[in-house]
file target.txt (compact mmCIF, C-alpha atoms)
# COMPACT_ATOMS: atom_id res chain seq x y z
CA MET B 7 0.00 0.00 0.00
CA ARG B 8 1.47 3.32 -1.08
CA ALA B 9 0.41 6.68 0.33
CA PHE B 10 0.97 10.25 -0.79
CA PHE B 11 0.95 13.64 0.94
CA HIS B 12 2.59 17.03 0.51
CA PRO B 13 3.30 19.14 3.61
CA ASP B 14 2.04 22.28 1.84
CA GLN B 15 -1.46 20.82 2.21
CA SER B 16 -1.33 21.75 5.90
CA LEU B 17 -0.82 25.46 5.12
CA HIS B 18 -4.53 26.08 4.41
CA ASP B 19 -5.81 27.45 7.73
CA PRO B 20 -9.42 28.70 7.45
CA GLN B 21 -10.68 30.97 10.23
CA GLN B 22 -14.44 30.77 9.81
CA PHE B 23 -17.42 29.30 8.00
CA MET B 24 -21.16 29.92 8.05
CA ARG B 25 -23.38 27.29 9.63
CA VAL B 26 -27.15 27.78 10.12
CA GLY B 27 -26.74 31.54 10.16
CA VAL B 28 -23.78 31.61 12.55
CA ILE B 29 -20.17 32.41 11.68
CA SER B 30 -18.56 29.36 13.28
CA ASP B 31 -15.12 28.08 14.12
CA PRO B 32 -13.54 26.17 11.23
CA LYS B 33 -13.73 22.37 11.09
CA ASP B 34 -11.16 21.62 8.38
CA LEU B 35 -8.19 22.14 10.71
CA PRO B 36 -4.53 21.49 9.80
CA SER B 37 -4.46 19.07 12.75
CA ARG B 38 -6.56 16.68 10.67
CA THR B 39 -3.50 15.86 8.59
CA GLU B 40 -1.41 15.30 11.71
CA ALA B 41 -3.88 12.71 13.00
CA LEU B 42 -3.99 10.88 9.67
CA LEU B 43 -0.21 10.92 9.24
CA ALA B 44 0.14 9.45 12.73
CA ALA B 45 -2.29 6.67 11.77
CA LEU B 46 -0.23 5.85 8.69
CA ALA B 47 2.92 5.75 10.81
CA ARG B 48 1.29 3.28 13.19
CA ARG B 49 0.74 1.01 10.21
CA GLY B 50 4.32 1.44 9.05
CA ILE B 51 3.37 3.50 5.99
CA THR B 52 5.55 6.48 5.07
CA PRO B 53 3.77 8.83 2.65
CA GLU B 54 5.63 9.82 -0.49
CA GLN B 55 5.75 13.47 -1.52
CA PRO B 56 4.09 13.95 -4.91
CA SER B 57 5.82 15.69 -7.78
CA ASP B 58 4.82 19.20 -8.82
CA TYR B 59 2.36 18.57 -11.65
CA GLY B 60 1.39 22.23 -11.97
CA THR B 61 -2.20 22.86 -13.05
CA GLU B 62 -2.27 20.23 -15.81
CA PRO B 63 -4.23 17.57 -13.85
CA ALA B 64 -6.68 20.12 -12.46
CA LEU B 65 -7.33 21.49 -15.95
CA THR B 66 -8.55 18.06 -17.06
CA ILE B 67 -11.54 18.70 -14.78
CA HIS B 68 -11.77 22.41 -13.97
CA SER B 69 -12.10 25.52 -16.13
CA LYS B 70 -9.11 27.81 -16.55
CA PRO B 71 -10.96 30.97 -15.37
CA PHE B 72 -11.93 29.15 -12.15
CA LEU B 73 -8.32 28.13 -11.43
CA GLU B 74 -7.11 31.66 -12.21
CA PHE B 75 -9.64 32.99 -9.71
CA LEU B 76 -8.54 30.60 -6.95
CA GLU B 77 -4.90 31.50 -7.51
CA SER B 78 -5.34 35.27 -7.54
CA ALA B 79 -8.38 35.91 -5.33
CA TYR B 80 -6.67 36.43 -1.96
CA GLU B 81 -4.24 39.14 -3.07
CA ARG B 82 -6.96 40.94 -5.03
CA TRP B 83 -9.35 40.70 -2.08
CA ARG B 84 -6.86 42.11 0.39
CA ALA B 85 -6.43 45.13 -1.88
CA ILE B 86 -10.07 46.16 -1.24
CA PRO B 87 -10.29 48.78 1.55
CA GLY B 88 -12.07 47.31 4.57
CA ALA B 89 -12.19 43.77 3.19
CA GLY B 90 -12.32 40.90 5.67
CA PRO B 91 -9.41 38.55 6.33
CA GLU B 92 -10.65 35.85 3.93
CA VAL B 93 -12.44 35.79 0.59
CA LEU B 94 -16.12 35.00 1.14
CA PRO B 95 -18.99 35.74 -1.26
CA ASN B 96 -21.71 38.27 -0.53
CA VAL B 97 -23.35 38.10 -3.98
CA SER B 98 -24.46 35.08 -5.99
CA PRO B 99 -25.53 34.70 -9.64
CA TYR B 100 -28.63 32.94 -10.89
CA TRP B 101 -28.00 29.83 -12.99
CA ASN B 102 -30.67 27.43 -14.22
CA GLY B 103 -28.65 24.29 -13.44
CA SER B 104 -29.35 22.64 -16.79
CA PRO B 105 -28.14 19.02 -16.66
CA ALA B 106 -27.09 19.31 -20.31
CA GLN B 107 -24.54 22.00 -19.48
CA ASP B 108 -21.23 20.97 -17.93
CA ARG B 109 -19.90 24.46 -17.21
CA ARG B 110 -20.74 28.14 -17.31
CA PRO B 111 -18.96 30.86 -19.26
CA ALA B 112 -16.33 32.83 -17.37
CA CYS B 113 -17.65 35.48 -15.00
CA ARG B 114 -18.32 38.61 -17.07
CA SER B 115 -17.17 40.98 -14.33
CA SER B 116 -13.49 41.45 -13.51
CA SER B 117 -14.35 42.42 -9.90
CA VAL B 118 -13.05 39.96 -7.31
CA VAL B 119 -16.26 40.54 -5.33
CA ALA B 120 -18.35 39.46 -8.31
CA GLN B 121 -16.06 36.53 -9.04
CA ALA B 122 -16.23 35.38 -5.40
CA GLY B 123 -20.00 35.10 -5.76
CA TYR B 124 -19.65 33.31 -9.08
CA TYR B 125 -16.93 30.79 -8.21
CA LEU B 126 -17.59 30.17 -4.48
CA GLY B 127 -20.82 28.30 -3.88
CA ASP B 128 -21.28 28.91 -0.16
CA LEU B 129 -19.74 30.40 2.97
CA ALA B 130 -17.72 27.26 3.76
CA VAL B 131 -14.87 27.91 1.31
CA PRO B 132 -12.92 30.90 2.62
CA ILE B 133 -9.79 31.71 0.66
CA SER B 134 -6.77 32.87 2.65
CA ALA B 135 -3.08 33.32 1.93
CA HIS B 136 -2.22 29.65 1.44
CA THR B 137 -5.51 28.15 0.21
CA TRP B 138 -4.45 27.96 -3.45
CA THR B 139 -1.11 26.32 -2.61
CA SER B 140 -2.75 23.70 -0.39
CA ALA B 141 -5.55 22.97 -2.86
CA LEU B 142 -3.11 22.61 -5.75
CA ARG B 143 -0.83 20.31 -3.75
CA SER B 144 -3.88 18.26 -2.77
CA SER B 145 -4.61 17.75 -6.46
CA HIS B 146 -0.99 16.65 -6.94
CA THR B 147 -1.40 14.09 -4.16
CA ALA B 148 -4.46 12.59 -5.88
CA THR B 149 -2.62 12.59 -9.20
CA ALA B 150 0.40 10.82 -7.74
CA ALA B 151 -1.83 8.13 -6.21
CA ALA B 152 -3.53 7.59 -9.58
CA ASP B 153 -0.14 7.39 -11.28
CA ALA B 154 0.90 4.72 -8.77
CA ILE B 155 -2.07 2.63 -9.90
CA LEU B 156 -1.18 3.23 -13.54
CA ASN B 157 2.32 1.95 -12.74
CA GLY B 158 1.05 -1.30 -11.24
CA THR B 159 0.28 -0.62 -7.57
CA ASP B 160 -2.87 -2.38 -6.36
CA ALA B 161 -3.96 0.31 -3.88
CA ALA B 162 -2.84 3.86 -3.12
CA TYR B 163 -4.03 6.33 -0.50
CA ALA B 164 -4.09 10.06 -1.27
CA LEU B 165 -4.14 12.07 1.95
CA CYS B 166 -5.89 15.04 0.38
CA ARG B 167 -6.56 18.24 2.27
CA PRO B 168 -8.46 20.36 1.42
CA SER B 169 -11.09 17.84 0.38
CA GLY B 170 -12.59 17.89 -3.09
CA HIS B 171 -15.86 16.08 -3.77
CA HIS B 172 -18.10 19.18 -3.52
CA ALA B 173 -16.02 21.14 -6.06
CA ARG B 174 -17.57 21.36 -9.52
CA VAL B 175 -15.96 22.29 -12.82
CA ASP B 176 -16.05 25.98 -11.95
CA ARG B 177 -17.27 26.29 -8.37
CA ALA B 178 -15.83 25.62 -4.92
CA SER B 179 -18.11 24.75 -2.00
CA GLY B 180 -18.33 22.73 1.21
CA PHE B 181 -14.65 23.03 2.27
CA CYS B 182 -13.66 21.84 -1.25
CA TYR B 183 -11.74 23.79 -3.91
CA LEU B 184 -10.43 21.26 -6.48
CA ASN B 185 -12.12 17.90 -7.02
CA ASN B 186 -9.35 15.45 -6.17
CA SER B 187 -11.48 12.33 -6.68
CA ALA B 188 -12.53 13.49 -10.15
CA ILE B 189 -8.94 14.38 -11.03
CA ALA B 190 -7.81 10.89 -9.97
CA ALA B 191 -10.63 9.23 -11.94
CA GLN B 192 -9.81 11.22 -15.06
CA ARG B 193 -6.13 10.30 -14.68
CA LEU B 194 -7.05 6.62 -14.50
CA ARG B 195 -9.06 6.99 -17.71
CA SER B 196 -5.77 7.38 -19.59
CA ARG B 197 -5.45 3.60 -19.35
CA PHE B 198 -8.72 2.14 -18.09
CA GLU B 199 -11.81 2.37 -20.30
CA ARG B 200 -14.24 2.20 -17.39
CA VAL B 201 -13.58 3.85 -14.03
CA ALA B 202 -15.95 3.97 -11.06
CA VAL B 203 -16.05 6.50 -8.21
CA LEU B 204 -17.55 5.16 -4.99
CA ASP B 205 -18.14 8.00 -2.52
CA VAL B 206 -18.68 6.88 1.09
CA ASP B 207 -18.40 10.30 2.74
CA ALA B 208 -21.51 11.24 4.74
CA HIS B 209 -22.16 14.13 2.35
CA HIS B 210 -23.25 13.59 -1.23
CA GLY B 211 -20.42 13.95 -3.75
CA ASP B 212 -22.32 16.60 -5.70
CA GLY B 213 -19.29 18.04 -7.48
CA THR B 214 -18.15 14.64 -8.69
CA GLN B 215 -21.67 13.79 -9.86
CA GLU B 216 -21.96 17.03 -11.81
CA ILE B 217 -18.55 16.63 -13.46
CA PHE B 218 -19.30 13.15 -14.87
CA TYR B 219 -23.11 13.41 -15.18
CA ARG B 220 -23.12 13.35 -18.99
CA ARG B 221 -20.51 10.60 -19.44
CA PRO B 222 -20.84 6.80 -19.77
CA ASP B 223 -17.15 6.02 -19.09
CA VAL B 224 -17.05 7.09 -15.43
CA LEU B 225 -19.67 5.66 -13.07
CA THR B 226 -20.42 7.78 -10.00
CA VAL B 227 -21.95 6.17 -6.91
CA SER B 228 -22.53 8.08 -3.69
CA VAL B 229 -23.71 6.73 -0.32
CA HIS B 230 -24.68 9.62 1.93
CA VAL B 231 -27.19 11.10 4.35
CA ASP B 232 -30.52 11.92 2.70
CA PRO B 233 -30.06 15.45 1.30
CA ASP B 234 -33.57 16.33 2.44
CA ALA B 235 -31.94 16.70 5.87
CA TYR B 236 -28.28 17.36 5.12
CA TYR B 237 -25.85 19.34 2.98
CA PRO B 238 -25.81 19.80 -0.01
CA TYR B 239 -29.65 19.67 0.19
CA TYR B 240 -30.41 20.45 -3.47
CA ILE B 241 -28.74 17.45 -5.09
CA GLY B 242 -28.07 13.82 -4.20
CA TYR B 243 -31.54 12.30 -4.56
CA ASP B 244 -32.08 8.79 -5.89
CA ASP B 245 -33.87 9.94 -9.06
CA GLU B 246 -30.70 11.61 -10.39
CA ARG B 247 -29.47 9.02 -12.89
CA GLY B 248 -27.31 10.95 -15.37
CA HIS B 249 -28.07 12.86 -18.55
CA GLY B 250 -27.74 12.11 -22.26
CA GLU B 251 -24.96 9.56 -22.83
CA GLY B 252 -24.51 9.49 -19.06
CA GLU B 253 -28.05 8.29 -18.36
CA GLY B 254 -27.85 5.34 -15.96
CA TYR B 255 -24.24 6.01 -14.92
CA ASN B 256 -24.97 7.89 -11.70
CA LEU B 257 -26.36 6.20 -8.61
CA ASN B 258 -27.26 7.98 -5.37
CA ILE B 259 -28.02 5.92 -2.27
CA PRO B 260 -29.35 8.23 0.46
CA VAL B 261 -29.65 6.82 3.99
CA PRO B 262 -31.65 8.26 6.90
CA PRO B 263 -30.01 10.28 9.66
CA LYS B 264 -28.81 8.16 12.59
CA SER B 265 -28.11 5.19 10.31
CA SER B 266 -25.91 2.54 11.93
CA ASP B 267 -23.00 0.46 10.67
CA ALA B 268 -25.36 -2.19 9.32
CA VAL B 269 -27.46 0.29 7.32
CA TYR B 270 -24.41 2.05 5.90
CA HIS B 271 -22.74 -1.24 4.98
CA ARG B 272 -25.86 -2.44 3.16
CA ALA B 273 -25.95 0.80 1.19
CA ILE B 274 -22.28 0.39 0.26
CA GLU B 275 -22.97 -3.20 -0.85
CA GLN B 276 -25.73 -1.86 -3.11
CA GLY B 277 -23.24 0.59 -4.60
CA ILE B 278 -20.69 -2.17 -5.10
CA GLU B 279 -23.26 -4.20 -7.05
CA LYS B 280 -23.57 -1.26 -9.44
CA VAL B 281 -19.77 -0.98 -9.77
CA ARG B 282 -19.55 -4.66 -10.69
CA ALA B 283 -22.45 -4.46 -13.16
CA PHE B 284 -20.77 -1.47 -14.80
CA GLY B 285 -17.67 -3.54 -15.45
CA ALA B 286 -15.29 -1.06 -13.84
CA GLN B 287 -11.59 -1.71 -14.41
CA ALA B 288 -10.36 0.70 -11.73
CA LEU B 289 -11.91 2.33 -8.70
CA VAL B 290 -11.67 5.65 -6.86
CA VAL B 291 -12.99 5.63 -3.29
CA ALA B 292 -13.88 9.04 -1.87
CA LEU B 293 -13.39 8.34 1.85
CA GLY B 294 -14.78 10.53 4.61
CA TYR B 295 -15.08 9.97 8.36
CA ASP B 296 -17.95 12.41 8.90
CA SER B 297 -20.26 9.39 9.08
CA HIS B 298 -18.69 8.66 12.48
CA ARG B 299 -21.07 9.05 15.41
CA GLU B 300 -18.78 11.64 17.08
CA ASP B 301 -18.32 13.92 14.06
CA PRO B 302 -19.19 17.52 15.05
CA ILE B 303 -21.21 18.16 11.89
CA GLY B 304 -22.32 14.58 11.23
CA LEU B 305 -25.76 12.98 11.43
CA LEU B 306 -24.89 9.27 11.28
CA ASP B 307 -24.17 6.61 13.89
CA VAL B 308 -21.26 4.73 12.29
CA SER B 309 -18.70 3.33 14.74
CA THR B 310 -14.93 3.39 14.41
CA GLU B 311 -14.98 -0.35 13.69
CA GLY B 312 -17.56 0.27 10.98
CA PHE B 313 -14.77 1.63 8.78
CA ARG B 314 -13.08 -1.77 8.77
CA GLY B 315 -16.29 -3.18 7.30
CA MET B 316 -16.20 -0.53 4.58
CA GLY B 317 -12.62 -1.44 3.71
CA GLU B 318 -13.40 -5.16 3.66
CA ARG B 319 -16.28 -4.68 1.25
CA ILE B 320 -14.18 -2.53 -1.07
CA ARG B 321 -11.30 -5.03 -0.99
CA ALA B 322 -13.74 -7.73 -2.14
CA ILE B 323 -14.36 -5.82 -5.39
CA GLY B 324 -10.82 -6.76 -6.41
CA LEU B 325 -10.04 -3.64 -8.47
CA PRO B 326 -6.98 -1.36 -8.54
CA THR B 327 -8.06 1.32 -6.09
CA VAL B 328 -7.19 4.93 -5.35
CA VAL B 329 -8.48 6.03 -1.94
CA VAL B 330 -8.91 9.81 -1.84
CA GLN B 331 -9.33 11.49 1.54
CA GLU B 332 -12.45 13.62 1.85
CA GLY B 333 -14.10 14.81 5.09
CA GLY B 334 -14.14 13.85 8.76
CA TYR B 335 -13.70 16.49 11.45
CA GLN B 336 -13.49 14.82 14.86
CA VAL B 337 -9.70 14.88 15.06
CA SER B 338 -9.62 12.54 18.07
CA VAL B 339 -11.15 9.64 16.07
CA ILE B 340 -10.22 10.09 12.39
CA GLY B 341 -6.83 8.41 12.76
CA ASP B 342 -8.45 5.33 14.25
CA CYS B 343 -11.04 5.37 11.46
CA LEU B 344 -8.29 5.39 8.83
CA GLU B 345 -6.47 2.52 10.56
CA GLN B 346 -9.64 0.46 10.63
CA PHE B 347 -10.41 1.21 6.99
CA LEU B 348 -6.91 0.26 5.83
CA ALA B 349 -7.02 -2.93 7.88
CA GLY B 350 -10.19 -3.91 6.05
CA LEU B 351 -8.86 -2.80 2.67
CA THR B 352 -5.57 -4.66 2.94
CA GLY B 353 -6.79 -7.64 4.95
CA ARG B 354 -4.23 -7.11 7.70
call {"tool": "encode", "arguments": {"input": "target.txt", "output": "structure tokens"}}
result
Amino acid sequence: MRAFFHPDQSLHDPQQFMRVGVISDPKDLPSRTEALLAALARRGITPEQPSDYGTEPALTIHSKPFLEFLESAYERWRAIPGAGPEVLPNVSPYWNGSPAQDRRPACRSSSVVAQAGYYLGDLAVPISAHTWTSALRSSHTATAAADAILNGTDAAYALCRPSGHHARVDRASGFCYLNNSAIAAQRLRSRFERVAVLDVDAHHGDGTQEIFYRRPDVLTVSVHVDPDAYYPYYIGYDDERGHGEGEGYNLNIPVPPKSSDAVYHRAIEQGIEKVRAFGAQALVVALGYDSHREDPIGLLDVSTEGFRGMGERIRAIGLPTVVVQEGGYQVSVIGDCLEQFLAGLTGR
């Protein structure tokens, strides 16, 4: 089992996010990486530092104007008299959300305030001095893990932070700036004709779904809390099946709040059946620990040991697998969750 991580990913240090009308303390803390690195060390795994791939992998998924915004937004924002310490949107555009459209045109306004509203989807993606560096390095980590699979490794873990599965082609949201799982899946497509993404984070992988929604070559499956009760609310329902050539290649499996290990495992098994029927040749697992019963923003009742069961079920698929780190915010338990998952995935 190979693992990848770049220390620059710890530089992103958000100071705030909006939750139910309250500016709250951040949850995506740099200490998350420390806990996960310690878990890898306990298993005798030393992460490799990925190469600098530049923006090339990200551009296979994201629009150039969006990346240019992420890179330049903080300095432009700080030049505004009286601006706050982080970039956060206070305006938002209307967009009809047509499933036939995979991206919008570039923002017509050159104002950073206008662009913040256009490219940032909510108040959970503040941009500060090091956000772009950390997000870009996180994409490199996912790319390096995918390259390891392309070079013959059976399983590779990408310790990505910031997370990615809420990021769309041209919009950041939900603590996510670049979609690392989608970048890894697209990288795998350079060799494998059929790639599946299995998202087991408690939140729906709405960005990943949107990116591949019109394509038959990448299957997207997401097991998550029913969006009627949980972020991202507007997407992630079981009637969303894909569009055009992608019809039938998206599967959402919502579960009720307070679901236990057994319920979550059954939902994952249902997703695995779809992966097998699709004939996937390689797999990306978007792994979050926010399904854990102690997660501060979670709604599920999954135990620490429940992550071993997830890993065991994924191991049984028997595919080359990239595991991409997504959410999970109870720092005291996420290391144990990773250890349990890897024990199940590797069988030891």
call {"tool": "residues_near_point", "arguments": {"input": "target.txt", "point": "(-11.9, -6.2, 12.4)", "cutoff": "8 Å", "atoms": "all atoms listed in the file", "output": "PyMOL selection string"}}
result
chain B and resi 311+314-315+346+349-350
call {"tool": "residues_around", "arguments": {"input": "target.txt", "residues": "Val330 (chain B)", "least_positions_apart": "5", "cutoff": "7 Å", "atoms": "all atoms listed in the file", "output": "ChimeraX atom specification"}}
result
/B:148,163-166,187,291-293
call {"tool": "residues_around", "arguments": {"input": "target.txt", "residues": "Glu81 (chain B)", "least_positions_apart": "6", "cutoff": "12 Å", "atoms": "only C-alpha atoms", "output": "list in words"}}
result
Phe75, Ala89, Pro91, Glu92, Val93, Val118, Ile133, Ser134, Ala135, His136, Thr137 and Trp138 of chain B
call {"tool": "atom_distance", "arguments": {"input": "target.txt", "atom1": "CA of Met7 (chain B)", "atom2": "CA of Gly324 (chain B)"}}
result
14.3 Å
call {"tool": "atom_distance", "arguments": {"input": "target.txt", "atom1": "CA of Ile67 (chain B)", "atom2": "CA of Ala283 (chain B)"}}
result
25.7 Å
call {"tool": "atom_distance", "arguments": {"input": "target.txt", "atom1": "CA of Pro95 (chain B)", "atom2": "CA of Gln331 (chain B)"}}
result
26.3 Å
call {"tool": "residues_near_point", "arguments": {"input": "target.txt", "point": "(-20.7, -1.4, 12.1)", "cutoff": "12 Å", "atoms": "all atoms listed in the file", "output": "PyMOL selection string"}}
result
chain B and resi 265-272+297-299+306-318+343+346-347
call {"tool": "write_last_selection", "arguments": {"input": "target.txt", "atoms": "C-alpha atoms", "output": "short mmCIF file (atom, residue, chain, number, x, y, z; two decimals), in the frame of the given file"}}
result
data_model
loop_
_atom_site.label_atom_id
_atom_site.label_comp_id
_atom_site.auth_asym_id
_atom_site.auth_seq_id
_atom_site.Cartn_x
_atom_site.Cartn_y
_atom_site.Cartn_z
CA SER B 265 -28.11 5.19 10.31
CA SER B 266 -25.91 2.54 11.93
CA ASP B 267 -23.00 0.46 10.67
CA ALA B 268 -25.36 -2.19 9.32
CA VAL B 269 -27.46 0.29 7.32
CA TYR B 270 -24.41 2.05 5.90
CA HIS B 271 -22.74 -1.24 4.98
CA ARG B 272 -25.86 -2.44 3.16
CA SER B 297 -20.26 9.39 9.08
CA HIS B 298 -18.69 8.66 12.48
CA ARG B 299 -21.07 9.05 15.41
CA LEU B 306 -24.89 9.27 11.28
CA ASP B 307 -24.17 6.61 13.89
CA VAL B 308 -21.26 4.73 12.29
CA SER B 309 -18.70 3.33 14.74
CA THR B 310 -14.93 3.39 14.41
CA GLU B 311 -14.98 -0.35 13.69
CA GLY B 312 -17.56 0.27 10.98
CA PHE B 313 -14.77 1.63 8.78
CA ARG B 314 -13.08 -1.77 8.77
CA GLY B 315 -16.29 -3.18 7.30
CA MET B 316 -16.20 -0.53 4.58
CA GLY B 317 -12.62 -1.44 3.71
CA GLU B 318 -13.40 -5.16 3.66
CA CYS B 343 -11.04 5.37 11.46
CA GLN B 346 -9.64 0.46 10.63
CA PHE B 347 -10.41 1.21 6.99
#
call {"tool": "closest_residue", "arguments": {"input": "target.txt", "among": "B:Pro53, B:Pro326, B:Pro32, B:Gly211", "to": "Phe198 (chain B)", "atoms": "only C-alpha atoms"}}
result
B:Pro326
call {"tool": "closest_residue", "arguments": {"input": "target.txt", "among": "B:Arg8, B:Arg319, B:Arg84, B:Arg221", "to": "Thr147 (chain B)", "atoms": "all atoms listed in the file"}}
result
B:Arg8
call {"tool": "residues_around", "arguments": {"input": "target.txt", "residues": "Gln22 (chain B)", "least_positions_apart": "3", "cutoff": "10 Å", "atoms": "only C-alpha atoms", "output": "NGL selection string"}}
result
:B and (19 or 25 or 28-34 or 91-92 or 94 or 129-132)
call {"tool": "residues_around", "arguments": {"input": "target.txt", "residues": "Asn157 (chain B)", "least_positions_apart": "6", "cutoff": "12 Å", "atoms": "only C-alpha atoms", "output": "PyMOL selection string"}}
result
chain B and resi 8+150-151+194+196-197+326
call {"tool": "residues_around", "arguments": {"input": "target.txt", "residues": "Gln15 (chain B)", "least_positions_apart": "6", "cutoff": "8 Å", "atoms": "all atoms listed in the file", "output": "ChimeraX atom specification"}}
result
/B:139-141,143-144,166-168
call {"tool": "closest_residue", "arguments": {"input": "target.txt", "among": "B:Thr61, B:Asp223, B:Val261, B:His171", "to": "Glu77 (chain B)", "atoms": "all atoms listed in the file"}}
result
B:Thr61
call {"tool": "closest_residue", "arguments": {"input": "target.txt", "among": "B:Leu289, B:Ile278, B:Val328, B:Leu344", "to": "Arg49 (chain B)", "atoms": "only C-alpha atoms"}}
result
B:Leu344
call {"tool": "axis_aligned_box", "arguments": {"input": "target.txt", "around": "region 64-74 of chain B", "padding_each_side": "6 Å", "output": "lines of an AutoDock Vina configuration file"}}
result
center_x = -9.4
center_y = 24.9
center_z = -14.2
size_x = 17.4
size_y = 25.6
size_z = 17.6
call {"tool": "closest_residue", "arguments": {"input": "target.txt", "among": "B:Ser169, B:Gln107, B:Asn96, B:Gln21", "to": "Ala122 (chain B)", "atoms": "all atoms listed in the file"}}
result
B:Asn96
call {"tool": "closest_atom_pairs", "arguments": {"input": "target.txt", "of": "region 115-218 of chain B", "to": "region 279-282 of chain B", "cutoff": "9 Å", "atoms": "only C-alpha atoms", "output": "JSON lines"}}
result
{"residue": "B:Val201", "atom": "CA", "partner": "B:Val281", "partner_atom": "CA", "distance": 8.9}
{"residue": "B:Ala202", "atom": "CA", "partner": "B:Val281", "partner_atom": "CA", "distance": 6.4}
{"residue": "B:Val203", "atom": "CA", "partner": "B:Val281", "partner_atom": "CA", "distance": 8.5}
{"residue": "B:Leu204", "atom": "CA", "partner": "B:Val281", "partner_atom": "CA", "distance": 8.1}
call {"tool": "closest_residue", "arguments": {"input": "target.txt", "among": "B:Ser57, B:Thr149, B:Ser117, B:Ser179", "to": "Val290 (chain B)", "atoms": "all atoms listed in the file"}}
result
B:Thr149
